[in-house]
Every structure is written in structure tokens, then in C-alpha cells.
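J.: My questions will all concern the structure given below.
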Amino acid sequence: RDLHSFPTRRSSDLVVALNLRAFYVFVTDFLEKLQNGKFQGVFIELHTLVLLLVRDRINDNLIETLQKIYNEKFKHKNFPQISLCELCSKIGSGATPKGGKESYHKEGISLVRSTNVFDFRFSRSDLAHIDEKQAKALNNVEIHQNDVLFNITGVSVARCCIIPDDLLPARVNQHVMILRPKDGKYMSYYLMFALCDIDNKSLLLGIGQSGSTREAINKQEMETFKISVPSEREIRFFGRAADSLYHQIHNNNTEIYTLSNYQIGRASCRERV
């Protein structure tokens with residue numbers, strides 16, 4: 001199949017795993033194994049690639065299912081318009097530790113950057129880490145369970161997701177904003193889908209592009225941004241459905257990340273030979 005036909009729309013992990021270098025090495029290694037009769041190696045490579053594609057497509061379908069539920073229940077309905085500052089107990093972005101990238105660690109406390117935040121999905125690829133001392137300086141932007149993450153600068157402005165629990169504790173840098181709903185987990189799911197909704201996304205992108213120097217959305221603009229808010233019962237219904245499906249999505253993303261690293265590792269080993 002043509003490389004462009006692979007379902008890489010939402011998962012940066014899969015995009016990394018199937019970049020041109022890794023894909024070229026996979027194909028050449030695959031053909032060499034066929035020529036040398038190493039069918040077991042061929043099966044492993046194929047099995048890994050198929051798992052990547054299947055898991056990513058499953059996630060696409062699960063998210064699309066939730067989008068359909070959101071659209072059917074909440075789009076173009078006469079719900080009250082409420083500002084984010086009324087819905088959230090915290091709205092704020094972080095900072096980059098002193099020293100920038102050179103100060104990051106291989107392990108430690110997660111530091112979320114804009115490259116980790118995609119619509120509906122959190123990307124583990126290139127997740128930075130900081131030590132306890134650096135994290136203490138960013139305690140005011142510690143990510144709590146069920147916080148909604150929102151990109152506020154650059155080409156990825158207005159992308160929005162929720163971080164998986166297994167990556168906590170975590171902090172955010174200055175390009176990512178924390179939105180912490182007062183009403184807990186179910187409202188977090190609703191808020192994420194509301195901000196990713198095409199109509200609200202267009203409004204937010206318009207705000208982001210209105211700056212004189214670069215694409216950006218500031219705290220005041222987010223605080224005053226309004227979304228339609230249905231009843232607690234309807235939010236609870238949607239939140240329960242989202243929570244159930246996102247449990248599977250996070251499990252799939254963990255497997256995608258592991259398989260992607262395997263593919264990249266195979267590519268690196270192949271290049272060194």
C-alpha cells in the first residue's frame with residue numbers, strides 16, 4: 001500500500017513509527033528476510049506492523065463513536081452558554097525549566113509540551129522529564145487527574161486532550177494550559193469534546209490567529225470563552241461512555257507506543273549494520 005494511505009491522522013506515535021526512514025528500513029529488511037528464507041522474522045515484522053495499524057484504527061473508531069454521541073446529544077441545542085472561568089477551578093500555563101532542553105532527564109517527573117498534545121489524544125513520543133527540584137519550581141502547574149490540556153501557542157494552538165493517569169505526576173510548560181473543571185471527571189470529558197468540536201475549534205483558532213506576532217491564546221481569552229453546557233445528568237451520561245471507551249484507548253496507545261519504539265529500534269539497528 002502507498003505510504004500516504006496509512007491511518008496516521010491522530011496518532012503522532014504512529015507517524016513517528018512510520019516515518020520514511022523507519023518504513024524504508026522495514027521494507028528492505030522484510031524483502032531480505034524473504035529472500036533468505038527467514039520466514040519467522042518476516043512474520044514478526046508483519047505482525048508488529050499490523051498491530052500498529054489495527055490499534056490505531058480502533059482508537060479512531062472509538063473517538064469517532066464519542067464524537068457522534070456528542071454531536072447527536074449536544075450540537076445545536078439551546079443549552080446555557082457558560083464561560084470557562086465559571087466551569088474551571090484552575091486555568092493556567094507553566095514554564096520551561098532553567099536550561100531548556102539541556103536540563104531534561106531521561107526519567108523523572110513528566111513535563112508536558114505542546115508536541116504531546118493532540119486533539120482527543122495524548123502522545124507519549126518525545127515526552128520530556130524533569131527532576132524533583134525542577135518540578136518543585138513548577139508546583140503551581142502540576143497536572144491533576146482528569147485535567148484537560150490545551151495548547152495555547154504555535155501551529156498546534158487549540159489542540160486539546162487529557163493525559164493518561166500513568167504519566168502522573170506531571171507539569172506543563174508555557175505552551176500548554178491546564179483546564180481543571182470544578183465538577184470532576186465527567187465534565188473533563190465533556191469539556192475536551194466541546195473544545196475539539198469543529199464550531200468551537202474555529203472560534204478558538206480565530207482567537208489564536210488574531211495576535212499581531214504569532215498564533216496564541218492567552219489566559220484571559222480562555223477564561224472568557226463560553227461553551228454550551230447541558231444538564232448534570234446528560235454530562236454524566238456522556239462522561240460514563242467516554243470513560244469506558246478511553247480506558248481502551250489508553251491501553252491501545254500504550255501498545256502503539258511500545259510497538260513504535262520497537263519499529264524505530266529495528267530501524268536504528270539496521271542502519272548501524
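Chain labels A, B, ... are given in the sequence in which chains occur in the C-alpha cells; within each chain residues are numbered consecutively from 1, and ligands are likewise numbered from 1 in the order shown.
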Show me, as a compact mmCIF listing (two decimals) with all heavy atoms, in the first residue's frame, the residues that have an atom within 10 Å of range 80-91 of chain A when counting only C-alpha atoms, minus same-chain residues fewer than 3 positions from it.
T.:
```
# COMPACT_ATOMS: atom_id res chain seq x y z
N LYS A 77 -28.10 22.63 20.26
CA LYS A 77 -29.16 22.58 21.26
C LYS A 77 -29.16 23.89 22.06
O LYS A 77 -28.12 24.57 22.17
CB LYS A 77 -28.97 21.38 22.20
CG LYS A 77 -28.94 20.03 21.49
CD LYS A 77 -30.28 19.68 20.92
CE LYS A 77 -30.24 18.37 20.14
NZ LYS A 77 -29.97 17.21 20.99
N VAL A 141 1.76 24.52 38.49
CA VAL A 141 1.19 23.97 37.25
C VAL A 141 1.33 22.45 37.25
O VAL A 141 1.59 21.83 36.22
CB VAL A 141 1.84 24.60 35.99
CG1 VAL A 141 1.32 25.99 35.78
CG2 VAL A 141 3.35 24.57 36.07
N ASP A 147 -7.38 16.53 34.52
CA ASP A 147 -7.17 17.86 33.96
C ASP A 147 -7.23 17.79 32.44
O ASP A 147 -6.78 16.82 31.82
CB ASP A 147 -5.80 18.42 34.37
CG ASP A 147 -5.80 19.01 35.76
OD1 ASP A 147 -6.88 19.10 36.38
OD2 ASP A 147 -4.71 19.38 36.25
N VAL A 148 -7.77 18.83 31.84
CA VAL A 148 -7.79 18.96 30.38
C VAL A 148 -6.61 19.82 29.97
O VAL A 148 -6.37 20.89 30.55
CB VAL A 148 -9.11 19.60 29.90
CG1 VAL A 148 -9.09 19.81 28.38
CG2 VAL A 148 -10.30 18.73 30.31
N LEU A 149 -5.85 19.36 28.98
CA LEU A 149 -4.67 20.09 28.50
C LEU A 149 -5.01 20.78 27.17
O LEU A 149 -5.64 20.18 26.29
CB LEU A 149 -3.49 19.14 28.32
CG LEU A 149 -3.12 18.31 29.55
CD1 LEU A 149 -1.91 17.42 29.24
CD2 LEU A 149 -2.84 19.20 30.75
N PHE A 150 -4.56 22.02 27.03
CA PHE A 150 -4.94 22.83 25.87
C PHE A 150 -3.72 23.61 25.38
O PHE A 150 -3.11 24.36 26.14
CB PHE A 150 -6.06 23.78 26.28
CG PHE A 150 -6.63 24.59 25.15
CD1 PHE A 150 -7.66 24.08 24.35
CD2 PHE A 150 -6.16 25.87 24.89
CE1 PHE A 150 -8.19 24.83 23.32
CE2 PHE A 150 -6.69 26.62 23.86
CZ PHE A 150 -7.71 26.10 23.07
N MET A 177 -1.78 24.84 28.48
CA MET A 177 -2.61 25.36 29.56
C MET A 177 -3.38 24.22 30.23
O MET A 177 -3.85 23.30 29.56
CB MET A 177 -3.59 26.40 29.00
CG MET A 177 -4.50 27.04 30.02
SD MET A 177 -5.43 28.43 29.30
CE MET A 177 -4.16 29.69 29.23
N ILE A 178 -3.50 24.30 31.54
CA ILE A 178 -4.31 23.37 32.32
C ILE A 178 -5.71 23.95 32.51
O ILE A 178 -5.85 25.10 32.93
CB ILE A 178 -3.67 23.10 33.69
CG1 ILE A 178 -2.34 22.35 33.55
CG2 ILE A 178 -4.62 22.31 34.59
CD1 ILE A 178 -1.58 22.21 34.86
N LEU A 179 -6.71 23.13 32.19
CA LEU A 179 -8.11 23.49 32.47
C LEU A 179 -8.64 22.44 33.44
O LEU A 179 -8.70 21.25 33.10
CB LEU A 179 -8.95 23.49 31.19
CG LEU A 179 -8.46 24.40 30.05
CD1 LEU A 179 -9.30 24.18 28.81
CD2 LEU A 179 -8.49 25.87 30.46
N ARG A 180 -9.00 22.86 34.63
CA ARG A 180 -9.42 21.91 35.67
C ARG A 180 -10.90 22.15 36.02
O ARG A 180 -11.23 23.05 36.80
CB ARG A 180 -8.56 22.07 36.92
CG ARG A 180 -8.85 21.07 38.03
CD ARG A 180 -7.78 21.20 39.12
NE ARG A 180 -6.48 20.91 38.56
CZ ARG A 180 -5.33 21.44 39.03
NH1 ARG A 180 -5.35 22.28 40.04
NH2 ARG A 180 -4.18 21.11 38.46
N PRO A 181 -11.79 21.35 35.44
CA PRO A 181 -13.22 21.53 35.72
C PRO A 181 -13.55 21.32 37.20
O PRO A 181 -12.98 20.45 37.86
CB PRO A 181 -13.88 20.45 34.86
CG PRO A 181 -12.91 20.19 33.76
CD PRO A 181 -11.55 20.33 34.42
N LYS A 182 -14.48 22.11 37.70
CA LYS A 182 -14.88 22.00 39.10
C LYS A 182 -15.65 20.71 39.37
O LYS A 182 -15.63 20.19 40.48
CB LYS A 182 -15.76 23.20 39.49
CG LYS A 182 -15.06 24.54 39.39
CD LYS A 182 -16.04 25.68 39.68
CE LYS A 182 -15.39 27.03 39.54
NZ LYS A 182 -16.35 28.15 39.76
N ASP A 183 -16.33 20.21 38.34
CA ASP A 183 -17.25 19.09 38.54
C ASP A 183 -16.66 17.72 38.20
O ASP A 183 -17.40 16.75 38.00
CB ASP A 183 -18.52 19.31 37.72
CG ASP A 183 -19.32 20.50 38.26
OD1 ASP A 183 -19.14 20.83 39.44
OD2 ASP A 183 -20.10 21.07 37.48
N GLY A 184 -15.34 17.61 38.09
CA GLY A 184 -14.70 16.30 38.02
C GLY A 184 -14.61 15.66 36.65
O GLY A 184 -14.74 16.31 35.61
N MET A 187 -17.17 15.97 33.56
CA MET A 187 -17.10 17.28 32.94
C MET A 187 -15.81 17.44 32.13
O MET A 187 -15.79 18.13 31.10
CB MET A 187 -17.21 18.38 33.99
CG MET A 187 -17.05 19.80 33.43
SD MET A 187 -18.24 20.20 32.11
CE MET A 187 -19.63 20.74 33.08
N SER A 188 -14.73 16.79 32.58
CA SER A 188 -13.47 16.86 31.83
C SER A 188 -13.64 16.29 30.43
O SER A 188 -13.17 16.87 29.45
CB SER A 188 -12.37 16.10 32.58
OG SER A 188 -12.06 16.72 33.80
N LEU A 191 -15.80 18.70 28.41
CA LEU A 191 -15.06 19.91 28.05
C LEU A 191 -14.09 19.63 26.90
O LEU A 191 -13.96 20.44 25.97
CB LEU A 191 -14.30 20.44 29.27
CG LEU A 191 -13.43 21.68 29.05
CD1 LEU A 191 -14.27 22.84 28.52
CD2 LEU A 191 -12.74 22.08 30.35
N LYS A 219 -4.56 33.65 28.73
CA LYS A 219 -5.39 33.17 29.84
C LYS A 219 -6.74 33.88 29.88
O LYS A 219 -7.78 33.24 30.06
CB LYS A 219 -4.65 33.37 31.16
CG LYS A 219 -5.45 32.89 32.37
CD LYS A 219 -4.64 33.05 33.66
CE LYS A 219 -5.45 32.57 34.85
NZ LYS A 219 -4.69 32.69 36.12
N GLN A 220 -6.73 35.21 29.71
CA GLN A 220 -7.98 35.96 29.77
C GLN A 220 -8.95 35.51 28.67
O GLN A 220 -10.16 35.39 28.89
CB GLN A 220 -7.70 37.45 29.64
CG GLN A 220 -8.96 38.32 29.76
CD GLN A 220 -8.66 39.80 29.65
OE1 GLN A 220 -7.54 40.19 29.34
NE2 GLN A 220 -9.67 40.63 29.90
N GLU A 221 -8.41 35.26 27.48
CA GLU A 221 -9.26 34.81 26.38
C GLU A 221 -9.88 33.45 26.66
O GLU A 221 -11.03 33.19 26.30
CB GLU A 221 -8.44 34.78 25.08
CG GLU A 221 -8.08 36.16 24.56
CD GLU A 221 -7.03 36.15 23.48
OE1 GLU A 221 -6.21 35.20 23.45
OE2 GLU A 221 -6.99 37.10 22.66
N MET A 222 -9.13 32.57 27.30
CA MET A 222 -9.67 31.26 27.66
C MET A 222 -10.70 31.38 28.78
O MET A 222 -11.72 30.68 28.78
CB MET A 222 -8.56 30.30 28.06
CG MET A 222 -7.72 29.78 26.90
SD MET A 222 -8.71 28.95 25.63
CE MET A 222 -9.28 27.51 26.52
N GLU A 223 -10.43 32.23 29.74
CA GLU A 223 -11.36 32.41 30.86
C GLU A 223 -12.72 32.90 30.39
O GLU A 223 -13.76 32.52 30.95
CB GLU A 223 -10.76 33.38 31.88
CG GLU A 223 -9.62 32.80 32.69
CD GLU A 223 -9.01 33.82 33.63
OE1 GLU A 223 -9.13 35.04 33.36
OE2 GLU A 223 -8.40 33.41 34.64
N THR A 224 -12.73 33.74 29.38
CA THR A 224 -13.99 34.33 28.93
C THR A 224 -14.65 33.53 27.80
O THR A 224 -15.76 33.86 27.39
CB THR A 224 -13.77 35.78 28.45
OG1 THR A 224 -12.77 35.79 27.42
CG2 THR A 224 -13.31 36.65 29.61
N PHE A 225 -13.96 32.50 27.31
CA PHE A 225 -14.53 31.68 26.23
C PHE A 225 -15.72 30.88 26.78
O PHE A 225 -15.64 30.28 27.86
CB PHE A 225 -13.48 30.73 25.66
CG PHE A 225 -13.95 30.01 24.42
CD1 PHE A 225 -13.92 30.65 23.19
CD2 PHE A 225 -14.43 28.71 24.49
CE1 PHE A 225 -14.35 30.00 22.04
CE2 PHE A 225 -14.86 28.05 23.34
CZ PHE A 225 -14.83 28.70 22.11
N LYS A 226 -16.82 30.87 26.03
CA LYS A 226 -18.04 30.21 26.50
C LYS A 226 -18.35 28.96 25.68
O LYS A 226 -18.11 28.92 24.48
CB LYS A 226 -19.23 31.17 26.45
CG LYS A 226 -19.12 32.35 27.42
CD LYS A 226 -20.36 33.22 27.36
CE LYS A 226 -20.27 34.36 28.39
NZ LYS A 226 -21.49 35.19 28.38
N ILE A 227 -18.87 27.94 26.37
CA ILE A 227 -19.35 26.74 25.70
C ILE A 227 -20.78 26.43 26.18
O ILE A 227 -21.20 26.90 27.24
CB ILE A 227 -18.44 25.52 25.98
CG1 ILE A 227 -18.44 25.18 27.48
CG2 ILE A 227 -17.03 25.75 25.48
CD1 ILE A 227 -17.75 23.86 27.81
N SER A 228 -21.49 25.65 25.37
CA SER A 228 -22.83 25.21 25.77
C SER A 228 -22.70 24.12 26.82
O SER A 228 -21.91 23.19 26.66
CB SER A 228 -23.59 24.67 24.56
OG SER A 228 -23.77 25.67 23.60
N VAL A 229 -23.46 24.22 27.89
CA VAL A 229 -23.38 23.26 28.98
C VAL A 229 -24.76 22.65 29.25
O VAL A 229 -25.67 23.35 29.70
CB VAL A 229 -22.82 23.91 30.26
CG1 VAL A 229 -22.73 22.87 31.38
CG2 VAL A 229 -21.45 24.53 30.00
N PRO A 230 -24.91 21.34 29.00
CA PRO A 230 -26.19 20.67 29.26
C PRO A 230 -26.35 20.37 30.75
O PRO A 230 -25.53 20.80 31.58
CB PRO A 230 -26.07 19.39 28.45
CG PRO A 230 -24.60 19.11 28.41
CD PRO A 230 -23.93 20.44 28.38
N SER A 231 -27.35 19.60 31.09
CA SER A 231 -27.62 19.27 32.49
C SER A 231 -26.56 18.31 33.04
O SER A 231 -25.84 17.64 32.27
CB SER A 231 -28.99 18.62 32.63
OG SER A 231 -28.99 17.34 31.99
```
J.: Once DSSP has gone over the backbone, tell me which residues of range 80-234 of chain A are in strand (DSSP E), as a ChimeraX atom specification.
T.: /A:81-83,88-93,109-112,117-118,121-122,128-130,148-151,160-162,170-172,176-181,226-228
J.: I want to know what sits within 9 Å of range 238-244 of chain A, based on only C-alpha atoms, with residues of the same chain fewer than 6 positions away left out; could you give that as a ChimeraX atom specification?
T.: /A:63,66,69-70,73,185-190
J.: What would the file look like if the residues just selected were written as a PDB file, in the first residue's frame with N, CA, C and O atoms?
T.:
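And here is the file that came out, again.pdb:
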```pdb
ATOM      1  N   ILE A  63     -13.026   7.072  19.115  1.00  0.00           N
ATOM      2  CA  ILE A  63     -13.167   8.520  19.223  1.00  0.00           C
ATOM      3  C   ILE A  63     -14.296   9.015  18.322  1.00  0.00           C
ATOM      4  O   ILE A  63     -15.100   9.883  18.712  1.00  0.00           O
ATOM      5  N   LEU A  66     -17.613   8.486  20.008  1.00  0.00           N
ATOM      6  CA  LEU A  66     -17.909   9.512  21.013  1.00  0.00           C
ATOM      7  C   LEU A  66     -18.258  10.853  20.370  1.00  0.00           C
ATOM      8  O   LEU A  66     -19.116  11.588  20.873  1.00  0.00           O
ATOM      9  N   ILE A  69     -21.867  10.647  19.401  1.00  0.00           N
ATOM     10  CA  ILE A  69     -22.729  10.812  20.571  1.00  0.00           C
ATOM     11  C   ILE A  69     -22.800  12.283  20.965  1.00  0.00           C
ATOM     12  O   ILE A  69     -23.881  12.823  21.239  1.00  0.00           O
ATOM     13  N   TYR A  70     -21.632  12.939  20.995  1.00  0.00           N
ATOM     14  CA  TYR A  70     -21.593  14.364  21.351  1.00  0.00           C
ATOM     15  C   TYR A  70     -22.447  15.179  20.382  1.00  0.00           C
ATOM     16  O   TYR A  70     -23.253  16.030  20.791  1.00  0.00           O
ATOM     17  N   LYS A  73     -26.294  14.506  20.814  1.00  0.00           N
ATOM     18  CA  LYS A  73     -26.914  14.924  22.076  1.00  0.00           C
ATOM     19  C   LYS A  73     -26.740  16.419  22.367  1.00  0.00           C
ATOM     20  O   LYS A  73     -27.581  17.008  23.046  1.00  0.00           O
ATOM     21  N   LYS A 185     -14.403  14.350  36.680  1.00  0.00           N
ATOM     22  CA  LYS A 185     -14.022  13.561  35.505  1.00  0.00           C
ATOM     23  C   LYS A 185     -15.001  13.675  34.350  1.00  0.00           C
ATOM     24  O   LYS A 185     -14.598  13.864  33.200  1.00  0.00           O
ATOM     25  N   TYR A 186     -16.282  13.544  34.623  1.00  0.00           N
ATOM     26  CA  TYR A 186     -17.252  13.541  33.527  1.00  0.00           C
ATOM     27  C   TYR A 186     -17.283  14.883  32.810  1.00  0.00           C
ATOM     28  O   TYR A 186     -17.390  14.945  31.579  1.00  0.00           O
ATOM     29  N   MET A 187     -17.169  15.969  33.558  1.00  0.00           N
ATOM     30  CA  MET A 187     -17.102  17.283  32.940  1.00  0.00           C
ATOM     31  C   MET A 187     -15.807  17.442  32.132  1.00  0.00           C
ATOM     32  O   MET A 187     -15.786  18.125  31.103  1.00  0.00           O
ATOM     33  N   SER A 188     -14.733  16.790  32.576  1.00  0.00           N
ATOM     34  CA  SER A 188     -13.474  16.859  31.831  1.00  0.00           C
ATOM     35  C   SER A 188     -13.635  16.289  30.431  1.00  0.00           C
ATOM     36  O   SER A 188     -13.174  16.874  29.446  1.00  0.00           O
ATOM     37  N   TYR A 189     -14.287  15.140  30.340  1.00  0.00           N
ATOM     38  CA  TYR A 189     -14.524  14.551  29.022  1.00  0.00           C
ATOM     39  C   TYR A 189     -15.406  15.456  28.167  1.00  0.00           C
ATOM     40  O   TYR A 189     -15.134  15.666  26.976  1.00  0.00           O
ATOM     41  N   TYR A 190     -16.458  15.989  28.774  1.00  0.00           N
ATOM     42  CA  TYR A 190     -17.350  16.856  28.017  1.00  0.00           C
ATOM     43  C   TYR A 190     -16.602  18.101  27.537  1.00  0.00           C
ATOM     44  O   TYR A 190     -16.744  18.512  26.369  1.00  0.00           O
TER      45      TYR A 190
END
```
J.: Of the candidates A:Val54, A:Ile217, A:Ile235, A:Ile163, which shows the shortest atom-to-atom distance to His175 in chain A, using only C-alpha atoms?
T.: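 Under the stated criterion, the closest residue is A:Ile217.
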